[in-house]
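A quick write-up on the structure given underneath.
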Amino acid sequence: MGIIHSLSPDLINQIAAGEVIESTHSILKELIENSIDAGASKIEIATESAGLGRILVFDDGHGIAKEDLPLAVKRYATSKIQNFHDLEHLFTFGFRGEALASIASVARLVIESGTEGNRTANRVVVEEGKIVSEEEIPFFQGTKIEIKDLFYNTPVRRKFLKTESGEEKKNRTRVQTMALGEPNISFRYVQNGKEVFFVQKEEPLERVLSVYGENLRDHLLPVHTSRNGMTLRGFISHPDFYKSSRTGQFFFVNNRSVELKFSAQILKRCYGELLPSGAFPYAFLFFDLPREFVDVNVHPQKKEVRFLSEETVTGILFQGITEVLRTSTPVEFLEMRRRLSMPIPYENREGESSFGSGFGGPGFGVGQGMFDNLQTEGESLIGPSSIEGRAGFSLEGIGAGTNLHLLGENLSKHHLFVPKKHFGVIFETFILAEAEDGLYIIDQHTAHERIRYEEVLRDLKSKAYKSQTLLTPIRLELTKEEAEEMIAEKQRFSELGITLEPFSGGTILIREVPSYIDPGKETETILDLWERFRSKDPEEKELYDEMAKCVACRSAIKKGDQVSDPIIGELLQRLSYCENPSLCPHGRPTLIKLTRKDLETMFHRI
C-alpha cells in the first residue's frame, strides 16, 4: 500500500496560512494592500486584543461585486492576473489569491462590499474556509472585512505570538509603514477602541513627518535622481541626526515596502565617517522601476523582491545618496558651545612636557615657524603668552566639559600617552604628535569622543552637573504611542537630569536639561538615548554609560572639521588625562604609536 496521499483542501489552506500569515500584522498588510488595489482614498483599521480578538479593515474603494464575493475566499482566485505575462507587469500589491482563503481557514471571516451603480451591498460569512451565509445589506461604497477569533482552530499558532502589547506595537508599525508608502490615502487606526494613528492625504514629506514626528523636519535632505527609466526619490537625514538602530530606514519598490539586503551597506558606505560608529541615518526612499524589471513573486509574504539587475539598483541608490551628501551637507567646524574660561596652565614637572604648535600648525608650513616655534625650556606653548594673542583663536572649541585646571589635586596624566608637541592634521582626520616614547597618529573624532565620554561619565557618577530649567521648553513631536512609551521612562530620564512632561497627543515637553548636554543638541541626544532605552533595560551604571556615549557621539569633532592649533593642543592635553586614552567608548582605536625603534628599523638605521 502506498504511503503518499493527497492533502485535504482544508489542510492545504491551513498550510498556506502558515506561509502567508506570520502574525496579525501580516493580515493587516494583506487587507490594506487589497484596499489600496481597490482604489481607496480612505482606509480605517481597528483591532481588539492585538487582532487576535478582532480585526476590521474598511475602505471606500470600488468594492467587490455580488457574484465575485464567493470567489474572493477561494484559493488562487484573483482579479489581478490572468496569465503568466501579467506576473511580469504587476500594477497591484496582491495577486496570488491566497490571502482571504488562508485567513478564512484559521478565523471567522465576514466580508461586506458595495459597488457603484447598485442599490444594495452584499455580505458573506465564512467559517473554516466555507461560506455559511450570504445576504443583501444597505448600500455603501467600498469593502469592510471583519476577522474574529484568529487561530481559534489552530491554537498552537497562538503560542508562538509575542505578548499582546508586543503584537500591538508590530501592528502599529505595519500600518505606519504602509501609510508612508501611500501619502495620497488617509489612514485611521484604532486599537481597543482608542485612536492611535490618523493621517490625512498629504504630500510625501508631510506624511513622513506625520508618521515619525516634526523633529525630523529640519534634518531631512530630499533625494531625487533618475537614469535609464528608473527613479529614486525620498529623504535621508543630515549626518547630525541619526538613530542607534536601523528602525528609521524604509525602502519601497513601486510603493511596495520591501527589505533590501544591500541597503544598509550602501547607506553606511555613502555616509562614511560623517556618522559615528553605531549610528544609522534615517532613510525614506522610493524606487520607481519598470514593472518588468522587478520580480515580486519570490516570497510568500512579498517582503523581498528580485531585480533583473541588482547592480543597477545599487548604483542608482549610491548615486542618489552621495549626490545629496556631497552638495547639501558640507562638513562644518565643530559647533562652539561652552567657552573654556581659562587656558590649561603649563606644567613643568619632571616627566611631563607641554606641547603646542610644533611645525607651524596644520599647514605643515616649512619656513619661519618650522624651528622658531619649537619649545624652549620653561616656555609654555599653550599658556596665555603663546595662544591668546594668535589671530582667530577661541578656546570655546571642544565641548561642554570640565576644565582641566578645575580638577586640582586629582589630575594625573596617563602613562600611555604624554604628548610633547604636535605637527598638525593630515587627511582632515589624523593629528600627528610626538611624545617621549614615539610618534603618535591620533584620530581627532575618536579621541574627542573618549574625552567627552569620560567627562560626562564622571559628572554623572559624582552628580557634579546641574540641571537647567529652560525658559522655553523644547517640544518633541512623536506618535501617541511613542510619547506614552517615552513618558513611561520619565524616572530614568530624571536620574540623568532630564525632566519630561506630557503635553498633548504625541507632544512631550523637555523642561530641564543637564549642563553636560551641549546647547542645540538636546533633541537628538534625548531621542538617541530613548532609542537605547527601547532596545535594552540598563542598570543605573549602564544608564550613565549609555548617556555618556550619546553625548560623546553628538558633540565630538568629526572627520573634516577644521581644528585650530590651540584646540588640537587642548584636545591632546585632555586626552593625556583620560583613564583609557587608547580607545573610544565604542572600542575603536584613538591613537597608533610608532616608536623611535620602529622608525629606525623602517629606514634601516638598525
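In the C-alpha cells, chains take the letters A, B, ... in the order shown, each chain's residues start at 1, and ligands count up from 1 in the order shown.
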
Excluding same-chain residues fewer than 3 positions from Glu501 (chain A), what lies within 12 Å of it counting only C-alpha atoms, as a tab-separated table (two decimals) with N, CA, C and O atoms, in the first residue's frame?
chain	number	residue	atom	x	y	z
A	473	PRO	N	10.38	75.59	26.83
A	473	PRO	CA	10.56	74.14	26.75
A	473	PRO	C	10.78	73.68	25.31
A	473	PRO	O	10.27	74.28	24.37
A	474	ILE	N	11.55	72.62	25.15
A	474	ILE	CA	11.77	72.01	23.83
A	474	ILE	C	10.65	71.00	23.60
A	474	ILE	O	10.33	70.18	24.47
A	475	ARG	N	10.05	71.06	22.42
A	475	ARG	CA	8.94	70.16	22.09
A	475	ARG	C	9.46	68.96	21.30
A	475	ARG	O	10.19	69.12	20.32
A	476	LEU	N	9.07	67.79	21.72
A	476	LEU	CA	9.32	66.57	20.96
A	476	LEU	C	7.99	66.14	20.37
A	476	LEU	O	7.01	65.93	21.10
A	483	ALA	N	5.00	58.62	22.54
A	483	ALA	CA	5.01	59.56	23.66
A	483	ALA	C	4.69	58.82	24.97
A	483	ALA	O	5.32	59.09	26.00
A	484	GLU	N	3.74	57.92	24.93
A	484	GLU	CA	3.40	57.15	26.12
A	484	GLU	C	4.58	56.29	26.57
A	484	GLU	O	4.88	56.20	27.77
A	486	MET	N	7.71	56.89	26.00
A	486	MET	CA	8.78	57.75	26.48
A	486	MET	C	8.48	58.26	27.89
A	486	MET	O	9.37	58.29	28.75
A	487	ILE	N	7.24	58.68	28.13
A	487	ILE	CA	6.88	59.17	29.46
A	487	ILE	C	7.00	58.04	30.50
A	487	ILE	O	7.30	58.29	31.67
A	488	ALA	N	6.80	56.80	30.06
A	488	ALA	CA	6.97	55.67	30.98
A	488	ALA	C	8.40	55.57	31.49
A	488	ALA	O	8.66	54.97	32.53
A	489	GLU	N	9.35	56.16	30.75
A	489	GLU	CA	10.75	56.16	31.14
A	489	GLU	C	11.14	57.46	31.86
A	489	GLU	O	12.30	57.77	32.02
A	490	LYS	N	10.13	58.21	32.30
A	490	LYS	CA	10.37	59.53	32.88
A	490	LYS	C	11.35	59.49	34.05
A	490	LYS	O	12.22	60.36	34.18
A	491	GLN	N	11.24	58.47	34.90
A	491	GLN	CA	12.11	58.39	36.06
A	491	GLN	C	13.57	58.18	35.67
A	491	GLN	O	14.48	58.78	36.25
A	493	PHE	N	14.97	59.12	32.86
A	493	PHE	CA	15.44	60.40	32.33
A	493	PHE	C	15.77	61.35	33.48
A	493	PHE	O	16.74	62.10	33.43
A	494	SER	N	14.94	61.32	34.53
A	494	SER	CA	15.15	62.20	35.67
A	494	SER	C	16.48	61.91	36.35
A	494	SER	O	17.16	62.82	36.83
A	498	ILE	N	17.20	65.07	33.27
A	498	ILE	CA	16.29	65.48	32.20
A	498	ILE	C	14.85	65.38	32.71
A	498	ILE	O	14.43	64.32	33.18
A	504	SER	N	0.29	67.13	24.93
A	504	SER	CA	-0.98	66.70	24.33
A	504	SER	C	-0.66	65.82	23.15
A	504	SER	O	0.34	66.02	22.47
A	506	GLY	N	0.85	63.46	20.86
A	506	GLY	CA	2.18	62.87	20.85
A	506	GLY	C	3.27	63.87	21.22
A	506	GLY	O	4.44	63.61	20.96
A	507	THR	N	2.90	65.00	21.81
A	507	THR	CA	3.88	66.03	22.14
A	507	THR	C	4.38	65.86	23.57
A	507	THR	O	3.60	65.66	24.50
A	508	ILE	N	5.72	65.93	23.72
A	508	ILE	CA	6.36	65.90	25.04
A	508	ILE	C	7.19	67.17	25.17
A	508	ILE	O	7.86	67.60	24.22
A	509	LEU	N	7.15	67.78	26.34
A	509	LEU	CA	7.95	68.97	26.61
A	509	LEU	C	9.17	68.59	27.43
A	509	LEU	O	9.06	67.86	28.42
A	510	ILE	N	10.32	69.08	27.00
A	510	ILE	CA	11.55	68.93	27.78
A	510	ILE	C	11.67	70.19	28.62
A	510	ILE	O	11.91	71.29	28.10
A	511	ARG	N	11.51	70.05	29.93
A	511	ARG	CA	11.51	71.20	30.83
A	511	ARG	C	12.91	71.53	31.37
A	511	ARG	O	13.25	72.69	31.55
A	512	GLU	N	13.68	70.50	31.66
A	512	GLU	CA	15.02	70.70	32.21
A	512	GLU	C	16.01	69.80	31.49
A	512	GLU	O	15.68	68.66	31.13

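For region 307-318 of chain A, the set of protein, DNA and RNA residues having any atom at most 9 Å away, when counting only C-alpha atoms and skipping those fewer than 5 positions along the same chain, is Thr225, Ser226, Arg227, Met230, Thr231, Leu232, Phe262, Ser263, Ile266, Leu267, Arg269, Cys270, Leu285, Phe287, Glu292, Phe293, Val294, Asp295, Val296 and Glu323 of chain A.
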
Using N, CA, C and O atoms, can you write the selected residues to a file as a CSV table (one decimal), in the first residue's frame?
chain,number,residue,atom,x,y,z
A,225,THR,N,16.9,61.3,-8.1
A,225,THR,CA,17.8,61.0,-9.2
A,225,THR,C,17.2,60.0,-10.1
A,225,THR,O,16.4,59.2,-9.7
A,226,SER,N,17.5,60.1,-11.4
A,226,SER,CA,16.9,59.2,-12.4
A,226,SER,C,18.0,58.8,-13.4
A,226,SER,O,18.9,59.6,-13.7
A,227,ARG,N,17.8,57.6,-13.9
A,227,ARG,CA,18.6,57.1,-15.0
A,227,ARG,C,18.1,55.9,-15.6
A,227,ARG,O,17.5,55.0,-14.9
A,230,MET,N,14.6,54.7,-14.6
A,230,MET,CA,14.4,54.4,-13.2
A,230,MET,C,14.6,55.7,-12.3
A,230,MET,O,15.4,56.5,-12.6
A,231,THR,N,13.8,55.8,-11.3
A,231,THR,CA,13.9,57.0,-10.4
A,231,THR,C,14.0,56.6,-8.9
A,231,THR,O,13.4,55.6,-8.5
A,232,LEU,N,14.9,57.3,-8.2
A,232,LEU,CA,15.0,57.2,-6.8
A,232,LEU,C,14.6,58.5,-6.2
A,232,LEU,O,15.1,59.5,-6.6
A,262,PHE,N,21.0,44.9,0.5
A,262,PHE,CA,22.2,45.7,0.3
A,262,PHE,C,22.0,47.1,0.8
A,262,PHE,O,23.0,47.9,0.8
A,263,SER,N,20.8,47.5,1.3
A,263,SER,CA,20.6,48.9,1.6
A,263,SER,C,21.4,49.4,2.7
A,263,SER,O,22.0,50.5,2.7
A,266,ILE,N,25.0,50.0,1.6
A,266,ILE,CA,25.1,51.2,0.7
A,266,ILE,C,25.1,52.5,1.5
A,266,ILE,O,25.9,53.4,1.4
A,267,LEU,N,24.1,52.6,2.5
A,267,LEU,CA,24.0,53.8,3.3
A,267,LEU,C,25.2,54.0,4.1
A,267,LEU,O,25.7,55.1,4.2
A,269,ARG,N,28.2,53.0,3.5
A,269,ARG,CA,29.3,53.4,2.6
A,269,ARG,C,29.2,54.9,2.2
A,269,ARG,O,30.2,55.6,2.1
A,270,CYS,N,28.0,55.3,1.9
A,270,CYS,CA,27.7,56.7,1.4
A,270,CYS,C,28.1,57.7,2.5
A,270,CYS,O,28.7,58.8,2.3
A,285,LEU,N,13.1,56.0,1.3
A,285,LEU,CA,13.5,56.0,-0.1
A,285,LEU,C,12.6,55.1,-1.0
A,285,LEU,O,12.2,54.0,-0.6
A,287,PHE,N,11.9,53.6,-4.8
A,287,PHE,CA,12.4,53.2,-6.2
A,287,PHE,C,11.2,53.1,-7.1
A,287,PHE,O,10.2,52.3,-6.8
A,292,GLU,N,8.6,45.3,-15.4
A,292,GLU,CA,9.3,44.0,-15.9
A,292,GLU,C,10.7,43.9,-15.3
A,292,GLU,O,11.3,42.8,-15.4
A,293,PHE,N,11.2,44.9,-14.6
A,293,PHE,CA,12.5,44.9,-14.0
A,293,PHE,C,12.5,44.3,-12.7
A,293,PHE,O,13.5,43.9,-12.1
A,294,VAL,N,11.3,44.1,-12.1
A,294,VAL,CA,11.2,43.6,-10.7
A,294,VAL,C,10.3,42.3,-10.7
A,294,VAL,O,9.3,42.2,-11.3
A,295,ASP,N,10.8,41.3,-9.9
A,295,ASP,CA,10.1,40.1,-9.7
A,295,ASP,C,9.7,40.1,-8.2
A,295,ASP,O,10.5,40.0,-7.3
A,296,VAL,N,8.3,40.4,-8.0
A,296,VAL,CA,7.8,40.4,-6.6
A,296,VAL,C,7.3,39.1,-6.2
A,296,VAL,O,6.8,38.9,-5.0
A,323,GLU,N,25.2,62.1,-4.1
A,323,GLU,CA,25.0,63.4,-4.7
A,323,GLU,C,24.4,64.4,-3.7
A,323,GLU,O,24.9,65.6,-3.5

Practice task
Using only C-alpha atoms, determine which residues lie at most 7 Å from region 200-217 of chain A, disregarding the query and same-chain residues fewer than 2 positions distant; provide the list as a PyMOL selection string.
Solution key: chain A and resi 176+180+183-187+198+219-220+476-479

Take the residues just selected and output them with all heavy atoms as a compact mmCIF listing (two decimals), in the first residue's frame.
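Just written: again.txt:
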# COMPACT_ATOMS: atom_id res chain seq x y z
N GLN A 176 1.79 52.13 10.02
CA GLN A 176 2.57 53.34 9.78
C GLN A 176 3.46 53.18 8.55
O GLN A 176 3.59 54.10 7.74
CB GLN A 176 3.42 53.66 11.01
CG GLN A 176 2.61 54.14 12.19
CD GLN A 176 3.43 54.23 13.46
OE1 GLN A 176 4.50 53.64 13.57
NE2 GLN A 176 2.92 54.95 14.45
N LEU A 180 3.31 55.35 5.05
CA LEU A 180 4.45 56.05 4.45
C LEU A 180 4.46 55.90 2.94
O LEU A 180 4.77 56.83 2.21
CB LEU A 180 5.77 55.50 5.01
CG LEU A 180 6.27 56.01 6.34
CD1 LEU A 180 7.54 55.26 6.73
CD2 LEU A 180 6.53 57.50 6.29
N PRO A 183 1.02 58.28 0.57
CA PRO A 183 0.62 59.59 1.13
C PRO A 183 -0.68 60.13 0.55
O PRO A 183 -1.27 61.05 1.12
CB PRO A 183 1.80 60.50 0.79
CG PRO A 183 2.47 59.85 -0.39
CD PRO A 183 2.29 58.38 -0.18
N ASN A 184 -1.16 59.57 -0.57
CA ASN A 184 -2.41 60.03 -1.18
C ASN A 184 -3.65 59.39 -0.55
O ASN A 184 -4.76 59.64 -1.00
CB ASN A 184 -2.41 59.75 -2.68
CG ASN A 184 -1.42 60.63 -3.42
OD1 ASN A 184 -1.28 61.81 -3.11
ND2 ASN A 184 -0.72 60.06 -4.39
N ILE A 185 -3.43 58.55 0.46
CA ILE A 185 -4.54 57.86 1.12
C ILE A 185 -4.59 58.26 2.58
O ILE A 185 -3.55 58.36 3.25
CB ILE A 185 -4.39 56.33 0.98
CG1 ILE A 185 -4.39 55.91 -0.49
CG2 ILE A 185 -5.48 55.59 1.74
CD1 ILE A 185 -4.15 54.42 -0.71
N SER A 186 -5.79 58.47 3.09
CA SER A 186 -5.99 58.75 4.51
C SER A 186 -6.04 57.43 5.28
O SER A 186 -6.69 56.47 4.85
CB SER A 186 -7.29 59.53 4.71
OG SER A 186 -7.67 59.55 6.05
N PHE A 187 -5.34 57.37 6.42
CA PHE A 187 -5.32 56.17 7.27
C PHE A 187 -5.78 56.53 8.68
O PHE A 187 -5.35 57.55 9.24
CB PHE A 187 -3.91 55.58 7.36
CG PHE A 187 -3.44 54.87 6.12
CD1 PHE A 187 -2.92 55.59 5.05
CD2 PHE A 187 -3.50 53.49 6.02
CE1 PHE A 187 -2.48 54.95 3.90
CE2 PHE A 187 -3.06 52.83 4.88
CZ PHE A 187 -2.55 53.57 3.82
N PHE A 198 -3.66 58.54 12.94
CA PHE A 198 -4.56 59.13 11.95
C PHE A 198 -3.78 60.12 11.10
O PHE A 198 -3.11 61.02 11.62
CB PHE A 198 -5.72 59.85 12.63
CG PHE A 198 -6.63 60.55 11.65
CD1 PHE A 198 -7.33 59.84 10.70
CD2 PHE A 198 -6.76 61.93 11.68
CE1 PHE A 198 -8.15 60.48 9.78
CE2 PHE A 198 -7.58 62.59 10.77
CZ PHE A 198 -8.27 61.85 9.82
N HIS A 219 15.95 68.19 9.57
CA HIS A 219 17.10 67.28 9.45
C HIS A 219 17.00 66.35 8.24
O HIS A 219 17.82 65.43 8.12
CB HIS A 219 17.23 66.45 10.72
CG HIS A 219 17.39 67.26 11.97
ND1 HIS A 219 18.59 67.81 12.34
CD2 HIS A 219 16.50 67.64 12.90
CE1 HIS A 219 18.43 68.47 13.47
NE2 HIS A 219 17.18 68.39 13.84
N LEU A 220 16.00 66.57 7.36
CA LEU A 220 15.83 65.69 6.21
C LEU A 220 16.34 66.36 4.94
O LEU A 220 16.12 67.55 4.72
CB LEU A 220 14.37 65.29 6.03
CG LEU A 220 13.79 64.35 7.09
CD1 LEU A 220 12.33 64.04 6.78
CD2 LEU A 220 14.58 63.05 7.18
N LEU A 476 9.07 67.79 21.72
CA LEU A 476 9.32 66.57 20.96
C LEU A 476 7.99 66.14 20.37
O LEU A 476 7.01 65.93 21.10
CB LEU A 476 9.87 65.46 21.87
CG LEU A 476 11.23 65.67 22.51
CD1 LEU A 476 11.61 64.45 23.34
CD2 LEU A 476 12.30 65.94 21.46
N GLU A 477 7.94 66.01 19.05
CA GLU A 477 6.70 65.60 18.37
C GLU A 477 6.82 64.12 18.00
O GLU A 477 7.59 63.75 17.12
CB GLU A 477 6.47 66.45 17.12
CG GLU A 477 6.37 67.94 17.39
CD GLU A 477 5.12 68.32 18.18
OE1 GLU A 477 4.20 67.48 18.27
OE2 GLU A 477 5.08 69.45 18.71
N LEU A 478 6.06 63.28 18.68
CA LEU A 478 6.09 61.85 18.47
C LEU A 478 4.68 61.35 18.17
O LEU A 478 3.72 62.12 18.19
CB LEU A 478 6.63 61.14 19.72
CG LEU A 478 7.95 61.66 20.30
CD1 LEU A 478 8.21 61.03 21.66
CD2 LEU A 478 9.11 61.37 19.36
N THR A 479 4.55 60.07 17.90
CA THR A 479 3.22 59.49 17.83
C THR A 479 2.70 59.33 19.26
O THR A 479 3.46 59.39 20.22
CB THR A 479 3.24 58.12 17.14
OG1 THR A 479 3.99 57.20 17.96
CG2 THR A 479 3.87 58.19 15.76

Exercise for the section: Could you please determine the separation between CA of Ser26 (chain A) and CA of Arg174 (chain A) in Å, to one decimal place? Expected result: 8.1 Å

Exercise for the section: DSSP on the backbone, then: every residue of region 541-600 of chain A marked alpha helix (DSSP H), written as a count of residues only. Expected result: 32

Exercise for the section: DSSP on the backbone, then: every residue of region 85-213 of chain A marked strand (DSSP E or B), written as a ChimeraX atom specification. Expected result: /A:108-114,120-127,130-138,142-148,186-191,194-199

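Compared by their closest atoms to Lys466 (chain A), and using only C-alpha atoms, the residues A:Asn34, A:Ser515, A:Ser555, A:Thr523 rank with A:Ser515 nearest.
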
Completion exercise
As a check of understanding: the span from CA of Thr446 (chain A) to CA of Arg246 (chain A) is 22.2 Å

Practice task
State, in Å with one decimal place, the distance from CA of Glu454 (chain A) to CA of Glu524 (chain A).
Solution key: 20.1 Å

Handout entry: Non-local contacts of region 427-442 of chain A (9 Å; only C-alpha atoms; under 3 positions in same chain excluded) as an MDAnalysis selection string
Key = chainID A and resid 351 353 355 358 362 417:424 445:447 558:563 568 572 589:599

For the residues in that selection, give me N, CA and C atoms as a JSON list (two decimals), in the first residue's frame.
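Saved file selection.json follows:
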[["chain", "number", "residue", "atom", "x", "y", "z"],
["A", 351, "GLY", "N", 59.10, 64.75, 33.79],
["A", 351, "GLY", "CA", 58.39, 63.69, 33.07],
["A", 351, "GLY", "C", 57.15, 64.17, 32.36],
["A", 353, "SER", "N", 55.80, 67.14, 29.71],
["A", 353, "SER", "CA", 56.19, 68.23, 28.83],
["A", 353, "SER", "C", 54.96, 68.89, 28.25],
["A", 355, "PHE", "N", 53.18, 71.05, 25.13],
["A", 355, "PHE", "CA", 53.32, 70.94, 23.69],
["A", 355, "PHE", "C", 52.50, 72.03, 23.06],
["A", 358, "GLY", "N", 54.17, 73.06, 17.33],
["A", 358, "GLY", "CA", 55.10, 72.21, 16.60],
["A", 358, "GLY", "C", 55.59, 72.89, 15.35],
["A", 362, "PRO", "N", 48.64, 73.13, 11.18],
["A", 362, "PRO", "CA", 48.10, 72.12, 10.28],
["A", 362, "PRO", "C", 48.54, 72.24, 8.85],
["A", 417, "PHE", "N", 50.11, 57.88, 27.24],
["A", 417, "PHE", "CA", 50.17, 58.91, 26.20],
["A", 417, "PHE", "C", 50.44, 60.26, 26.85],
["A", 418, "VAL", "N", 51.67, 60.72, 26.78],
["A", 418, "VAL", "CA", 52.05, 62.03, 27.29],
["A", 418, "VAL", "C", 52.66, 62.82, 26.14],
["A", 419, "PRO", "N", 51.86, 63.63, 25.43],
["A", 419, "PRO", "CA", 52.36, 64.31, 24.23],
["A", 419, "PRO", "C", 53.36, 65.40, 24.56],
["A", 420, "LYS", "N", 54.28, 65.61, 23.63],
["A", 420, "LYS", "CA", 55.32, 66.62, 23.78],
["A", 420, "LYS", "C", 55.03, 67.82, 22.89],
["A", 421, "LYS", "N", 54.70, 67.54, 21.64],
["A", 421, "LYS", "CA", 54.29, 68.60, 20.71],
["A", 421, "LYS", "C", 53.55, 67.95, 19.55],
["A", 422, "HIS", "N", 52.81, 68.75, 18.79],
["A", 422, "HIS", "CA", 52.08, 68.19, 17.66],
["A", 422, "HIS", "C", 52.46, 68.94, 16.39],
["A", 423, "PHE", "N", 52.16, 68.31, 15.24],
["A", 423, "PHE", "CA", 52.58, 68.84, 13.95],
["A", 423, "PHE", "C", 51.41, 69.09, 13.00],
["A", 424, "GLY", "N", 50.20, 69.15, 13.54],
["A", 424, "GLY", "CA", 49.06, 69.45, 12.69],
["A", 424, "GLY", "C", 48.23, 68.23, 12.34],
["A", 445, "HIS", "N", 38.37, 62.46, 15.83],
["A", 445, "HIS", "CA", 36.99, 62.17, 16.24],
["A", 445, "HIS", "C", 36.95, 61.21, 17.41],
["A", 446, "THR", "N", 37.61, 60.06, 17.29],
["A", 446, "THR", "CA", 37.54, 59.08, 18.37],
["A", 446, "THR", "C", 38.23, 59.58, 19.63],
["A", 447, "ALA", "N", 39.27, 60.40, 19.46],
["A", 447, "ALA", "CA", 39.95, 60.97, 20.62],
["A", 447, "ALA", "C", 39.01, 61.90, 21.39],
["A", 558, "LYS", "N", 34.25, 65.91, 14.14],
["A", 558, "LYS", "CA", 34.07, 64.93, 13.08],
["A", 558, "LYS", "C", 35.23, 64.97, 12.10],
["A", 559, "LYS", "N", 35.32, 63.94, 11.29],
["A", 559, "LYS", "CA", 36.29, 63.93, 10.20],
["A", 559, "LYS", "C", 36.01, 65.13, 9.30],
["A", 560, "GLY", "N", 37.06, 65.87, 8.99],
["A", 560, "GLY", "CA", 36.91, 67.01, 8.10],
["A", 560, "GLY", "C", 36.72, 68.33, 8.82],
["A", 561, "ASP", "N", 36.40, 68.30, 10.11],
["A", 561, "ASP", "CA", 36.28, 69.55, 10.86],
["A", 561, "ASP", "C", 37.64, 70.24, 10.90],
["A", 562, "GLN", "N", 37.65, 71.52, 10.60],
["A", 562, "GLN", "CA", 38.90, 72.28, 10.59],
["A", 562, "GLN", "C", 39.21, 72.74, 12.01],
["A", 563, "VAL", "N", 40.18, 72.11, 12.62],
["A", 563, "VAL", "CA", 40.50, 72.35, 14.02],
["A", 563, "VAL", "C", 41.79, 73.16, 14.13],
["A", 568, "ILE", "N", 43.76, 71.78, 18.96],
["A", 568, "ILE", "CA", 44.48, 70.49, 18.89],
["A", 568, "ILE", "C", 45.28, 70.29, 20.17],
["A", 572, "LEU", "N", 44.70, 67.20, 22.80],
["A", 572, "LEU", "CA", 45.71, 66.22, 23.17],
["A", 572, "LEU", "C", 46.01, 66.27, 24.67],
["A", 589, "PRO", "N", 40.06, 52.36, 18.02],
["A", 589, "PRO", "CA", 41.30, 52.98, 18.50],
["A", 589, "PRO", "C", 41.28, 54.49, 18.33],
["A", 590, "THR", "N", 41.88, 55.19, 19.27],
["A", 590, "THR", "CA", 42.02, 56.64, 19.16],
["A", 590, "THR", "C", 43.40, 57.03, 18.66],
["A", 591, "LEU", "N", 44.38, 56.16, 18.88],
["A", 591, "LEU", "CA", 45.74, 56.52, 18.51],
["A", 591, "LEU", "C", 46.56, 55.29, 18.16],
["A", 592, "ILE", "N", 47.59, 55.51, 17.34],
["A", 592, "ILE", "CA", 48.55, 54.47, 16.96],
["A", 592, "ILE", "C", 49.94, 55.04, 17.21],
["A", 593, "LYS", "N", 50.81, 54.22, 17.75],
["A", 593, "LYS", "CA", 52.15, 54.71, 18.10],
["A", 593, "LYS", "C", 53.22, 54.06, 17.23],
["A", 594, "LEU", "N", 54.15, 54.88, 16.77],
["A", 594, "LEU", "CA", 55.37, 54.40, 16.11],
["A", 594, "LEU", "C", 56.54, 54.80, 17.00],
["A", 595, "THR", "N", 57.26, 53.83, 17.52],
["A", 595, "THR", "CA", 58.39, 54.14, 18.40],
["A", 595, "THR", "C", 59.59, 54.59, 17.57],
["A", 596, "ARG", "N", 60.57, 55.15, 18.26],
["A", 596, "ARG", "CA", 61.82, 55.52, 17.57],
["A", 596, "ARG", "C", 62.43, 54.28, 16.92],
["A", 597, "LYS", "N", 62.35, 53.16, 17.61],
["A", 597, "LYS", "CA", 62.92, 51.92, 17.07],
["A", 597, "LYS", "C", 62.19, 51.49, 15.81],
["A", 598, "ASP", "N", 60.85, 51.64, 15.80],
["A", 598, "ASP", "CA", 60.07, 51.31, 14.60],
["A", 598, "ASP", "C", 60.56, 52.13, 13.41],
["A", 599, "LEU", "N", 60.72, 53.42, 13.61],
["A", 599, "LEU", "CA", 61.15, 54.30, 12.54],
["A", 599, "LEU", "C", 62.56, 53.97, 12.07]]

Fill in the blank from the handout: Among A:Ile137, A:Ala464, A:Ala283, A:Ile567, Lys66 (chain A) is approached most closely, using only C-alpha atoms, by A:Ile137

Practice task
Just the residues within 10 Å of Leu325 (chain A), please, counting only C-alpha atoms, with nothing from its chain fewer than 5 positions along; format it as a list in words.
Solution key: Leu221, Val223, Ile236, Ser237, His238, Pro239, Cys270, Tyr271, Leu274, Gly320, Pro330 and Val331 of chain A

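Counting only C-alpha atoms, the residue from A:Asn580, A:His586, A:Asn118, A:Glu48 that sits nearest to Ser165 (chain A) is A:Glu48.
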
Exercise for the section: Find the residue from A:Phe140, A:Phe250, A:Tyr544, A:Tyr465 that sits nearest to Gly181 (chain A); use only C-alpha atoms when measuring. Expected result: A:Phe250
